[in-house]
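Enquirer: Let me begin by handing over the structure; questions about it come next.
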Amino acid sequence: MSSSASADFSSGRFALNASPRILIAGYGRMGAALGKRLASEGCLVWGLRRSPPEQFSLVRFIQADLLNVASLSSLPTPLDYVFYLASSDSSELTAYRRAYVDGLQNLLDALERVRANVIRLFFSSSTGVYGQKEGEWVDESSIAAPDYPEGEILLEGERLVITGPVSGTVVRFGGIYGPERNRLLEQVTAGEAVCSYEARYTNHIHVDDCAGILRHLMTMEDPEPVYLAVDREPVERCEFLRWVAQQMDAPPPRQVPVNELGKRARRSNKRCSSQKIVDAGYSFLYPGYRDGYRELIRRFLVQSQGPVM
């Protein structure tokens, strides 16, 4: 570990005089949750994105485009840790490739050019790299063989990280939810939520646990190449939607044949295990979907009622 990244891992806080230097490339909701936490613990954090966010707080802003090589010429150096948290801005395959392969390769090249001396790079991937769809349990040892091109592109990005010039760790997230992600709650309220007659398992993780897991991995002396990041409670989709609807006093989900589900729901039917990250010492803030969704539902219902006249 470089001298700038010396940290008091046992206390769960970084030593303020050490100030590990961290770049978060793709500073969206997950990046903001991670950046604010690390900066409050004494880290020097830079958030890289194309346009300024509404709030940047303790995190320093770098205006750059991961697809524009020239804009990456002014990265801070040295850097101790890099988090690549970029996401696709559309479902088009070209957008997936730009986000998870081209932008990543550009950043890796830029880090090498400026001799950033990075200890480890963390890459945000997805449980979508698994092709299992019969309700099987999967973990880090399971075969990742997606049968759709988006998953293949994610695997290509993972390979760049694991075999690249910087030591890398891939984190496969599944079903991220949290504040401002209200599409599902809006569907339930409107009676538009659907699930299939056949059991289809889903996996979830609160955005605060996404940030927590990334931070935890950063404090580990030698994290492994791949971790799954989902909560402790995979759940059948109809069961999950019925519970949400009950909490909201909304209509239960409508059941339809599998082929009437959306593309993502059709290909998602596996139970992901987060045992490895738990064994590595991480404790979930929201170990099950009920723990996280109760507060989201409460806030959503308050906002939906509007101001009291």
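By convention here, the chains of the structure tokens are called A, B, ... in the order presented, each chain's residues are numbered starting at 1, and ligands are numbered starting at 1 in the order presented.
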Taking the backbone alone, and naming residues the way the document does, which bits of segment 133-285 of chain A are strand (DSSP E) by DSSP, as a VMD selection string?
Expert: chain A and resid 137 to 138 168 to 173 176 to 177 194 to 196 201 to 202 205 to 206 226 to 229 235 to 236 254 to 256 271 to 272
Enquirer: Take the residues from that selection and write them out as a compact mmCIF listing (two decimals), in the first residue's frame, keeping N, CA and C atoms.
Expert:
# COMPACT_ATOMS: atom_id res chain seq x y z
N TRP A 137 -29.35 -21.27 -7.51
CA TRP A 137 -28.47 -20.43 -6.71
C TRP A 137 -27.17 -20.23 -7.48
N VAL A 138 -26.67 -19.00 -7.50
CA VAL A 138 -25.38 -18.73 -8.13
C VAL A 138 -24.50 -17.96 -7.14
N GLY A 168 -7.32 -5.39 -10.12
CA GLY A 168 -8.73 -5.05 -10.20
C GLY A 168 -9.64 -6.02 -9.50
N THR A 169 -10.78 -5.50 -9.05
CA THR A 169 -11.84 -6.32 -8.44
C THR A 169 -13.16 -5.95 -9.09
N VAL A 170 -13.92 -6.97 -9.51
CA VAL A 170 -15.22 -6.81 -10.13
C VAL A 170 -16.30 -7.04 -9.08
N VAL A 171 -17.28 -6.15 -9.03
CA VAL A 171 -18.40 -6.30 -8.10
C VAL A 171 -19.68 -6.41 -8.93
N ARG A 172 -20.35 -7.55 -8.84
CA ARG A 172 -21.55 -7.81 -9.62
C ARG A 172 -22.79 -7.47 -8.80
N PHE A 173 -23.38 -6.32 -9.10
CA PHE A 173 -24.56 -5.86 -8.38
C PHE A 173 -25.82 -6.42 -9.04
N ILE A 176 -30.46 -2.93 -8.02
CA ILE A 176 -30.18 -1.77 -7.17
C ILE A 176 -31.44 -0.93 -7.00
N TYR A 177 -31.72 -0.54 -5.76
CA TYR A 177 -32.85 0.35 -5.48
C TYR A 177 -32.44 1.36 -4.43
N VAL A 194 -46.69 -6.22 -12.96
CA VAL A 194 -47.02 -7.56 -13.45
C VAL A 194 -45.95 -8.55 -13.02
N CYS A 195 -46.35 -9.80 -12.90
CA CYS A 195 -45.42 -10.88 -12.66
C CYS A 195 -45.96 -12.09 -13.40
N SER A 196 -45.17 -13.13 -13.49
CA SER A 196 -45.59 -14.28 -14.30
C SER A 196 -46.24 -15.36 -13.46
N TYR A 201 -37.40 -15.64 -9.72
CA TYR A 201 -36.70 -15.07 -8.58
C TYR A 201 -35.99 -13.77 -8.95
N THR A 202 -35.99 -12.84 -8.01
CA THR A 202 -35.30 -11.57 -8.20
C THR A 202 -34.36 -11.32 -7.02
N ILE A 205 -30.56 -4.94 -3.91
CA ILE A 205 -29.59 -4.36 -3.00
C ILE A 205 -29.82 -2.85 -2.93
N HIS A 206 -29.83 -2.32 -1.73
CA HIS A 206 -30.01 -0.88 -1.52
C HIS A 206 -28.74 -0.16 -1.94
N VAL A 226 -13.54 -11.20 -7.81
CA VAL A 226 -14.97 -11.08 -8.08
C VAL A 226 -15.78 -11.25 -6.80
N TYR A 227 -16.79 -10.37 -6.64
CA TYR A 227 -17.75 -10.48 -5.54
C TYR A 227 -19.15 -10.22 -6.08
N LEU A 228 -20.14 -10.95 -5.53
CA LEU A 228 -21.53 -10.63 -5.77
C LEU A 228 -22.02 -9.66 -4.71
N ALA A 229 -22.85 -8.71 -5.14
CA ALA A 229 -23.37 -7.71 -4.21
C ALA A 229 -24.89 -7.67 -4.33
N VAL A 235 -36.00 -13.22 -3.68
CA VAL A 235 -37.44 -13.38 -3.47
C VAL A 235 -38.14 -13.59 -4.81
N GLU A 236 -39.18 -14.40 -4.79
CA GLU A 236 -39.97 -14.61 -6.00
C GLU A 236 -40.69 -13.30 -6.34
N ARG A 254 -50.64 -8.03 -11.44
CA ARG A 254 -51.37 -8.86 -12.40
C ARG A 254 -50.44 -9.95 -12.90
N GLN A 255 -50.91 -11.18 -12.92
CA GLN A 255 -50.09 -12.29 -13.40
C GLN A 255 -50.31 -12.51 -14.89
N VAL A 256 -49.20 -12.72 -15.60
CA VAL A 256 -49.23 -12.89 -17.05
C VAL A 256 -48.30 -14.03 -17.43
N ARG A 271 -31.17 -17.09 -8.02
CA ARG A 271 -31.01 -16.64 -6.64
C ARG A 271 -29.51 -16.43 -6.39
N CYS A 272 -29.13 -15.19 -6.16
CA CYS A 272 -27.72 -14.86 -6.00
C CYS A 272 -27.32 -14.86 -4.53
Enquirer: Please provide as number ranges by chain all residues within 8 Å of Leu241 of chain A, with the sequence filter that same-chain residues fewer than 3 positions apart are discarded (counting only C-alpha atoms).
Expert: A: 188, 193, 195, 237-238, 244-245, 252-253
Enquirer: Name the closest residue to Ser283 of chain A among the candidates A:Leu154, A:Ala145, A:Ile213, A:Ala70; distances are taken between atoms, counting only C-alpha atoms.
Expert: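 For Ser283 of chain A, the nearest of the candidates is A:Ile213.
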Enquirer: Between atom CA of Val69 of chain A and atom CA of Gly128 of chain A, what distance in Å does the model show, to one decimal?
Expert: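 Interatomic distance, atom CA of Val69 of chain A to atom CA of Gly128 of chain A: 28.5 Å.
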Enquirer: Show me, as a list of chain:residue names, the residues that have an atom within 12 Å of Val278 of chain A when counting only C-alpha atoms, minus same-chain residues fewer than 3 positions from it.
Expert: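 Everything that qualifies: A:Asp209, A:Gly212, A:Ile213, A:His216, A:Leu217, A:Tyr227, A:Leu228, A:Ala229, A:Val230, A:Asp231, A:Arg232, A:Ser273, A:Ser274, A:Gln275, A:Gly281, A:Tyr282, A:Ser283, A:Phe284, A:Leu285, A:Pro287.
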Enquirer: I'd like the contact shell of Lys133 of chain A - 7 Å cut-off, only C-alpha atoms, skipping same-chain residues fewer than 3 positions apart - returned as number ranges by chain.
Expert: A: 136, 267-270
Enquirer: Using N, CA and C atoms, can you write the selected residues to a file as a CSV table (one decimal), in the first residue's frame?
Expert:
chain,number,residue,atom,x,y,z
A,136,GLU,N,-31.9,-21.2,-10.1
A,136,GLU,CA,-30.7,-21.8,-9.4
A,136,GLU,C,-30.1,-20.7,-8.5
A,267,ARG,N,-35.5,-12.7,-18.6
A,267,ARG,CA,-34.2,-13.4,-18.5
A,267,ARG,C,-33.6,-13.5,-17.1
A,268,SER,N,-34.4,-12.9,-16.1
A,268,SER,CA,-33.9,-12.9,-14.7
A,268,SER,C,-34.6,-13.9,-13.9
A,269,ASN,N,-34.0,-15.0,-13.5
A,269,ASN,CA,-34.6,-16.0,-12.7
A,269,ASN,C,-33.5,-16.8,-12.0
A,270,LYS,N,-32.9,-16.2,-11.0
A,270,LYS,CA,-31.8,-16.9,-10.3
A,270,LYS,C,-31.8,-16.3,-8.9
Enquirer: Any chance you could list, as a VMD selection string, the residues in segment 62-162 of chain A that come up helix (DSSP H, G or I) when DSSP is run on the backbone?
Expert: chain A and resid 69 to 72 93 to 113 127 to 129 149 to 162
Enquirer: Save out the residues we just selected, N, CA and C atoms, as a CSV table (one decimal), in the first residue's frame.
Expert:
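Wrote result11.csv, looks like this:
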chain,number,residue,atom,x,y,z
A,69,VAL,N,-10.8,10.9,-25.0
A,69,VAL,CA,-9.5,10.6,-24.4
A,69,VAL,C,-8.8,11.9,-24.0
A,70,ALA,N,-8.9,13.0,-24.8
A,70,ALA,CA,-8.3,14.3,-24.4
A,70,ALA,C,-8.8,14.8,-23.1
A,71,SER,N,-10.0,14.6,-22.7
A,71,SER,CA,-10.6,15.1,-21.5
A,71,SER,C,-10.0,14.4,-20.3
A,72,LEU,N,-9.4,13.3,-20.5
A,72,LEU,CA,-8.8,12.5,-19.4
A,72,LEU,C,-7.4,12.8,-19.1
A,93,LEU,N,-27.0,-1.6,-27.7
A,93,LEU,CA,-25.7,-2.3,-27.5
A,93,LEU,C,-24.5,-1.4,-27.7
A,94,THR,N,-24.6,-0.4,-28.6
A,94,THR,CA,-23.5,0.5,-28.7
A,94,THR,C,-23.3,1.3,-27.4
A,95,ALA,N,-24.4,1.7,-26.8
A,95,ALA,CA,-24.2,2.4,-25.5
A,95,ALA,C,-23.6,1.5,-24.4
A,96,TYR,N,-24.0,0.3,-24.4
A,96,TYR,CA,-23.4,-0.7,-23.4
A,96,TYR,C,-21.9,-0.8,-23.6
A,97,ARG,N,-21.5,-0.9,-24.9
A,97,ARG,CA,-20.1,-1.0,-25.2
A,97,ARG,C,-19.3,0.2,-24.8
A,98,ARG,N,-19.9,1.4,-25.1
A,98,ARG,CA,-19.2,2.6,-24.8
A,98,ARG,C,-19.0,2.7,-23.3
A,99,ALA,N,-20.1,2.3,-22.5
A,99,ALA,CA,-20.0,2.5,-21.0
A,99,ALA,C,-19.1,1.5,-20.4
A,100,TYR,N,-19.2,0.2,-20.8
A,100,TYR,CA,-18.5,-0.8,-20.0
A,100,TYR,C,-17.2,-1.4,-20.6
A,101,VAL,N,-16.9,-1.0,-21.8
A,101,VAL,CA,-15.7,-1.4,-22.5
A,101,VAL,C,-14.8,-0.2,-23.0
A,102,ASP,N,-15.4,0.6,-23.8
A,102,ASP,CA,-14.6,1.7,-24.4
A,102,ASP,C,-14.2,2.7,-23.4
A,103,GLY,N,-15.1,3.2,-22.6
A,103,GLY,CA,-14.8,4.2,-21.5
A,103,GLY,C,-13.8,3.6,-20.5
A,104,LEU,N,-14.0,2.3,-20.2
A,104,LEU,CA,-13.1,1.7,-19.2
A,104,LEU,C,-11.7,1.6,-19.8
A,105,GLN,N,-11.6,1.2,-21.1
A,105,GLN,CA,-10.3,1.1,-21.7
A,105,GLN,C,-9.6,2.4,-21.8
A,106,ASN,N,-10.4,3.5,-22.1
A,106,ASN,CA,-9.8,4.8,-22.1
A,106,ASN,C,-9.3,5.3,-20.8
A,107,LEU,N,-10.0,4.9,-19.7
A,107,LEU,CA,-9.5,5.3,-18.4
A,107,LEU,C,-8.3,4.5,-18.0
A,108,LEU,N,-8.3,3.2,-18.3
A,108,LEU,CA,-7.1,2.4,-18.0
A,108,LEU,C,-5.9,3.0,-18.7
A,109,ASP,N,-6.0,3.4,-19.9
A,109,ASP,CA,-4.9,3.9,-20.7
A,109,ASP,C,-4.5,5.2,-20.1
A,110,ALA,N,-5.5,6.1,-19.7
A,110,ALA,CA,-5.1,7.4,-19.1
A,110,ALA,C,-4.4,7.2,-17.8
A,111,LEU,N,-4.8,6.3,-17.0
A,111,LEU,CA,-4.1,6.1,-15.7
A,111,LEU,C,-2.7,5.6,-15.9
A,112,GLU,N,-2.5,4.8,-16.9
A,112,GLU,CA,-1.1,4.4,-17.3
A,112,GLU,C,-0.3,5.5,-17.8
A,113,ARG,N,-0.9,6.4,-18.6
A,113,ARG,CA,-0.1,7.5,-19.2
A,113,ARG,C,0.3,8.5,-18.1
A,127,THR,N,-25.1,-8.8,-12.0
A,127,THR,CA,-25.4,-10.3,-11.9
A,127,THR,C,-26.0,-10.8,-13.3
A,128,GLY,N,-26.2,-9.8,-14.2
A,128,GLY,CA,-26.7,-10.2,-15.5
A,128,GLY,C,-25.7,-11.0,-16.3
A,129,VAL,N,-24.5,-11.1,-15.8
A,129,VAL,CA,-23.5,-11.9,-16.6
A,129,VAL,C,-23.8,-13.4,-16.4
A,149,PRO,N,-26.4,-10.4,-25.7
A,149,PRO,CA,-25.2,-9.6,-25.9
A,149,PRO,C,-24.8,-8.6,-24.9
A,150,GLU,N,-25.8,-8.0,-24.1
A,150,GLU,CA,-25.4,-7.1,-23.1
A,150,GLU,C,-24.5,-7.7,-22.0
A,151,GLY,N,-24.9,-9.0,-21.7
A,151,GLY,CA,-24.1,-9.7,-20.7
A,151,GLY,C,-22.7,-10.0,-21.2
A,152,GLU,N,-22.6,-10.3,-22.5
A,152,GLU,CA,-21.2,-10.6,-23.1
A,152,GLU,C,-20.4,-9.3,-23.0
A,153,ILE,N,-21.0,-8.2,-23.2
A,153,ILE,CA,-20.2,-6.9,-23.1
A,153,ILE,C,-19.8,-6.6,-21.7
A,154,LEU,N,-20.6,-6.9,-20.7
A,154,LEU,CA,-20.2,-6.8,-19.3
A,154,LEU,C,-19.0,-7.7,-19.0
A,155,LEU,N,-19.1,-8.9,-19.5
A,155,LEU,CA,-18.0,-9.8,-19.3
A,155,LEU,C,-16.7,-9.3,-19.9
A,156,GLU,N,-16.8,-8.7,-21.1
A,156,GLU,CA,-15.6,-8.2,-21.7
A,156,GLU,C,-15.0,-7.1,-20.9
A,157,GLY,N,-15.9,-6.2,-20.3
A,157,GLY,CA,-15.3,-5.2,-19.4
A,157,GLY,C,-14.7,-5.8,-18.2
A,158,GLU,N,-15.3,-6.9,-17.6
A,158,GLU,CA,-14.7,-7.5,-16.4
A,158,GLU,C,-13.3,-8.1,-16.8
A,159,ARG,N,-13.2,-8.6,-17.9
A,159,ARG,CA,-11.9,-9.2,-18.3
A,159,ARG,C,-10.8,-8.1,-18.4
A,160,LEU,N,-11.2,-6.9,-18.9
A,160,LEU,CA,-10.3,-5.8,-19.0
A,160,LEU,C,-9.7,-5.4,-17.6
A,161,VAL,N,-10.6,-5.5,-16.6
A,161,VAL,CA,-10.3,-5.2,-15.2
A,161,VAL,C,-9.4,-6.2,-14.6
A,162,ILE,N,-9.8,-7.5,-14.7
A,162,ILE,CA,-9.1,-8.6,-14.0
A,162,ILE,C,-7.7,-8.9,-14.7
Enquirer: Separation of atom CA of Ala211 of chain A and atom CA of Asp147 of chain A, in Å?
Expert: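 Calculated distance between atom CA of Ala211 of chain A and atom CA of Asp147 of chain A is 29.0 Å.
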Enquirer: Distance atom CA of Pro165 of chain A-atom CA of Ser126 of chain A, one decimal place?
Expert: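 Going from atom CA of Pro165 of chain A over to atom CA of Ser126 of chain A, I get 22.2 Å.
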Enquirer: Would you pick out the contacts of Pro53 of chain A at 12 Å or less, using only C-alpha atoms, so that residues sharing its chain but fewer than 6 positions from it are not included, and give the list as a ChimeraX atom specification?
Expert: /A:26-29,31-32,47,59-63
Enquirer: Those same residues, written as a CSV table (one decimal), in the first residue's frame with C-alpha atoms?
Expert:
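Done, and the output landed in part.csv:
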chain,number,residue,atom,x,y,z
A,26,GLY,CA,-19.1,7.8,-13.4
A,27,TYR,CA,-20.3,9.9,-10.5
A,28,GLY,CA,-24.0,9.0,-10.4
A,29,ARG,CA,-26.2,7.9,-7.4
A,31,GLY,CA,-20.9,7.2,-6.8
A,32,ALA,CA,-22.4,10.0,-4.8
A,47,GLY,CA,-15.8,12.5,-8.9
A,59,VAL,CA,-16.1,15.6,-3.3
A,60,ARG,CA,-14.1,17.4,-5.9
A,61,PHE,CA,-15.5,17.6,-9.4
A,62,ILE,CA,-13.7,16.6,-12.6
A,63,GLN,CA,-15.6,17.5,-15.8
Enquirer: Check the smallest atom-to-atom distance from each of A:Arg264, A:Arg21, A:Arg181, A:Arg242 to Gly35 of chain A using only C-alpha atoms, then report the winner.
Expert: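 With only C-alpha atoms as the atom set, the closest residue is A:Arg21.
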Enquirer: Which residue is closest to Glu186 of chain A? Choose from A:Pro78, A:Ser125, A:Leu85, A:Leu296 and count only C-alpha atoms.
Expert: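 Ranking A:Pro78, A:Ser125, A:Leu85, A:Leu296 by distance to Glu186 of chain A, first place goes to A:Leu296.
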